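Reading through the structure tokens given below for one structure.
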Amino acid sequence: MVTRRRAGVAQRVVATAATAVATAVASLVVLAGAAPVPAGAQASSAPSALRLGYLVNLTHAEAMVGVAQGYFSKYLGHGTQLQTSTFNAGPAEVDALDEGALDAAYMGPSSAITPYEQSAGKALEVIAGATSGGAELVVKSTITSASQLKGQTLSSPQLGNTQDVALRYWLKTKGLTTSTTGGGEVTILPQSNSAIVTAFVSGQIAGAWVPEPYATEMVQDGGHVLVDEASLWPKGKFATTVLVVRKAFAAEYPATVRDLLRAQVASVQFINAHPARAQQEVNQAFTTLAGKALSTSVLAAAWKKITFTVDPVVASWAADARHAAAVGLSVGTLSVDRIFDLGPLNAVLKSEHLAQVTAPGGH
């Protein structure tokens, strides 16, 4: 099993730079009044800040839309400031959560499973879904089968992140070996998403398993989709991104977690009701946080591959855990059902007269 404890200098630089940008953006300052804490809640007074992490990916669009539309400010309430940091991949966020630098984060399921297992379920909990779909293995045009990948170098965003696990497990099912230290019949080179696109264009790698919009960028740079991850799941449904919180934070501030969920629900509703406006908001966030806007063609094509939903697709998680264990990135000894606390989300959905999501055990 590989223990992921330190994200590396590159991810820290991304997070630090993004935090500086985010601090300068006036929309991050909380303006609205706080909702009252429900009777019987065990929370202390609201926290002075909620520190939220996310990735500059289309699969994390709810975070960007929630900031741009002011939903976090609206629901978090007076006295609780939103502080955001961006990362390259989920394992870097896990380190920040573990070190107490984040309270909540958008991340993929594989990134959440390892700290959950390592802490015997005490580190974090999944409180909502964010996206399904939007991850592909894109390779150069001359590669049309798995067998042609033997001896090649592929990339993923970070060792142990959701796309990294998906890539390693798929290769394993095709009889191709990999190693977490860089060896095997297929070499996997973890690097940032933007660096992956550059390396692909320059011919340094044969392809990569990446989230959107980077998969579409690679396609438009001459690659083709060898595997659309949606094709590997029943009805194409699987969790790509979810919203997690530190368990200690949730226990101390349940009303704040509820308000965070209200902002998440509002963001998903806005994205689905106003896709064109949402794409504009997300592209502006890319300009601010990544220093580069997406082309109209990339944004439109990539957006179609993603489903924005508060449902964490519970049914896909047991398989995620098995896949991570199969490639040596998880021990697979703890029931993944215990990672969810969907009661607060369903309470928010019920209050908004929206369909509730299925919790583990079908409840």
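The way I read the labels, and the way they are meant: chains A, B, ... in the order of the structure tokens, residue 1 as the first residue of every chain, and ligand 1 as the first ligand shown, with later ones counted on from there.
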Give me the residues within 9 Å of Val331 (chain A) as a PDB file with C-alpha atoms, in the first residue's frame, counting only C-alpha atoms and dropping any in the same chain fewer than 2 places off.
```pdb
ATOM      1  CA  MET A   1       0.000   0.000   0.000  1.00  0.00           C
ATOM      2  CA  THR A 114      -7.322   6.186   1.232  1.00  0.00           C
ATOM      3  CA  GLU A 117      -9.219   3.854   5.449  1.00  0.00           C
ATOM      4  CA  GLN A 118      -5.971   5.027   7.011  1.00  0.00           C
ATOM      5  CA  ALA A 321     -12.300   0.771  -3.381  1.00  0.00           C
ATOM      6  CA  ARG A 322     -11.675  -2.616  -4.973  1.00  0.00           C
ATOM      7  CA  ALA A 324      -7.574   0.981  -5.618  1.00  0.00           C
ATOM      8  CA  ALA A 325      -6.751  -2.129  -3.581  1.00  0.00           C
ATOM      9  CA  ALA A 326      -6.078  -4.154  -6.732  1.00  0.00           C
ATOM     10  CA  GLY A 328      -1.743  -1.368  -4.443  1.00  0.00           C
ATOM     11  CA  LEU A 329      -3.111   2.080  -3.584  1.00  0.00           C
ATOM     12  CA  THR A 333     -10.304  -3.417   4.597  1.00  0.00           C
ATOM     13  CA  LEU A 334     -12.965  -0.886   5.655  1.00  0.00           C
TER      14      LEU A 334
END
```
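Backbone DSSP over region 225-314 of chain A yields strand (DSSP E) at Val225, Leu226, Val227, Asp228, Ala239, Thr240, Thr241, Val242, Leu243, Val244, Val245, Arg246, Ile306, Thr307 and Phe308 of chain A.
One finds CA of Met64 (chain A) at 11.1 Å from CA of Val268 (chain A).
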Quiz item: Can you list, as a list in words, every protein, DNA or RNA residue that comes within 7 Å of region 174-189 of chain A when you count only C-alpha atoms, leaving out same-chain residues fewer than 5 positions away?
Solution: Ala146, Leu149, Lys150, Gly151, Gln152, Thr153, Leu154, Ser155, Ser156 and Arg168 of chain A
Counting only C-alpha atoms, what are the residues of region 243-341 of chain A within 12 Å of region 223-231 of chain A, and for each of them which pair of atoms is the nearest and at what distance in Å, to one decimal? Sort the table by chain and rising number, as a Markdown table.
```
| residue | atom | partner | partner_atom | distance |
| --- | --- | --- | --- | --- |
| A:Lys305 | CA | A:Ala230 | CA | 9.0 |
| A:Ile306 | CA | A:Ala230 | CA | 9.8 |
| A:Thr307 | CA | A:Ala230 | CA | 10.9 |
| A:Ser316 | CA | A:Ala230 | CA | 11.4 |
```
Using the selection just defined, write its residues with N, CA and C atoms as a PDB file, in the first residue's frame.
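Contents of the output file result00.pdb:
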```
ATOM      1  N   LYS A 305     -19.821  16.065 -21.706  1.00  0.00           N
ATOM      2  CA  LYS A 305     -19.441  14.761 -21.176  1.00  0.00           C
ATOM      3  C   LYS A 305     -19.636  14.654 -19.663  1.00  0.00           C
ATOM      4  N   ILE A 306     -20.103  15.733 -19.044  1.00  0.00           N
ATOM      5  CA  ILE A 306     -20.192  15.790 -17.586  1.00  0.00           C
ATOM      6  C   ILE A 306     -21.643  15.908 -17.145  1.00  0.00           C
ATOM      7  N   THR A 307     -22.014  15.166 -16.108  1.00  0.00           N
ATOM      8  CA  THR A 307     -23.311  15.311 -15.459  1.00  0.00           C
ATOM      9  C   THR A 307     -23.088  15.984 -14.118  1.00  0.00           C
ATOM     10  N   SER A 316     -21.207   3.196  -7.048  1.00  0.00           N
ATOM     11  CA  SER A 316     -19.907   3.044  -7.711  1.00  0.00           C
ATOM     12  C   SER A 316     -18.733   2.962  -6.739  1.00  0.00           C
TER      13      SER A 316
END
```
Using only C-alpha atoms, the residue out of A:Asn272, A:Ser192, A:Gln163, A:Thr216 with shortest distance to Val138 (chain A) is A:Thr216
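Interatomic distance, CA of Thr241 (chain A) to CA of Gly332 (chain A): 20.1 Å.
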Item to complete: Would you please give, as number ranges by chain, all residues of region 32-155 of chain A that DSSP assigns to alpha helix (DSSP H) based on the backbone?
Response: A: 61-68, 71-76, 90-98, 109-118
Among A:Thr59, A:Thr256, A:Ser295, A:Thr288, Gly133 (chain A) is approached most closely, using only C-alpha atoms, by A:Thr59
From the list A:Gly121, A:Gly207, A:Gly291, A:Gly134, the nearest residue to Asp337 (chain A) using only C-alpha atoms is A:Gly121
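Between CA of Ala215 (chain A) and CA of Ile113 (chain A) lies a distance of 24.2 Å.
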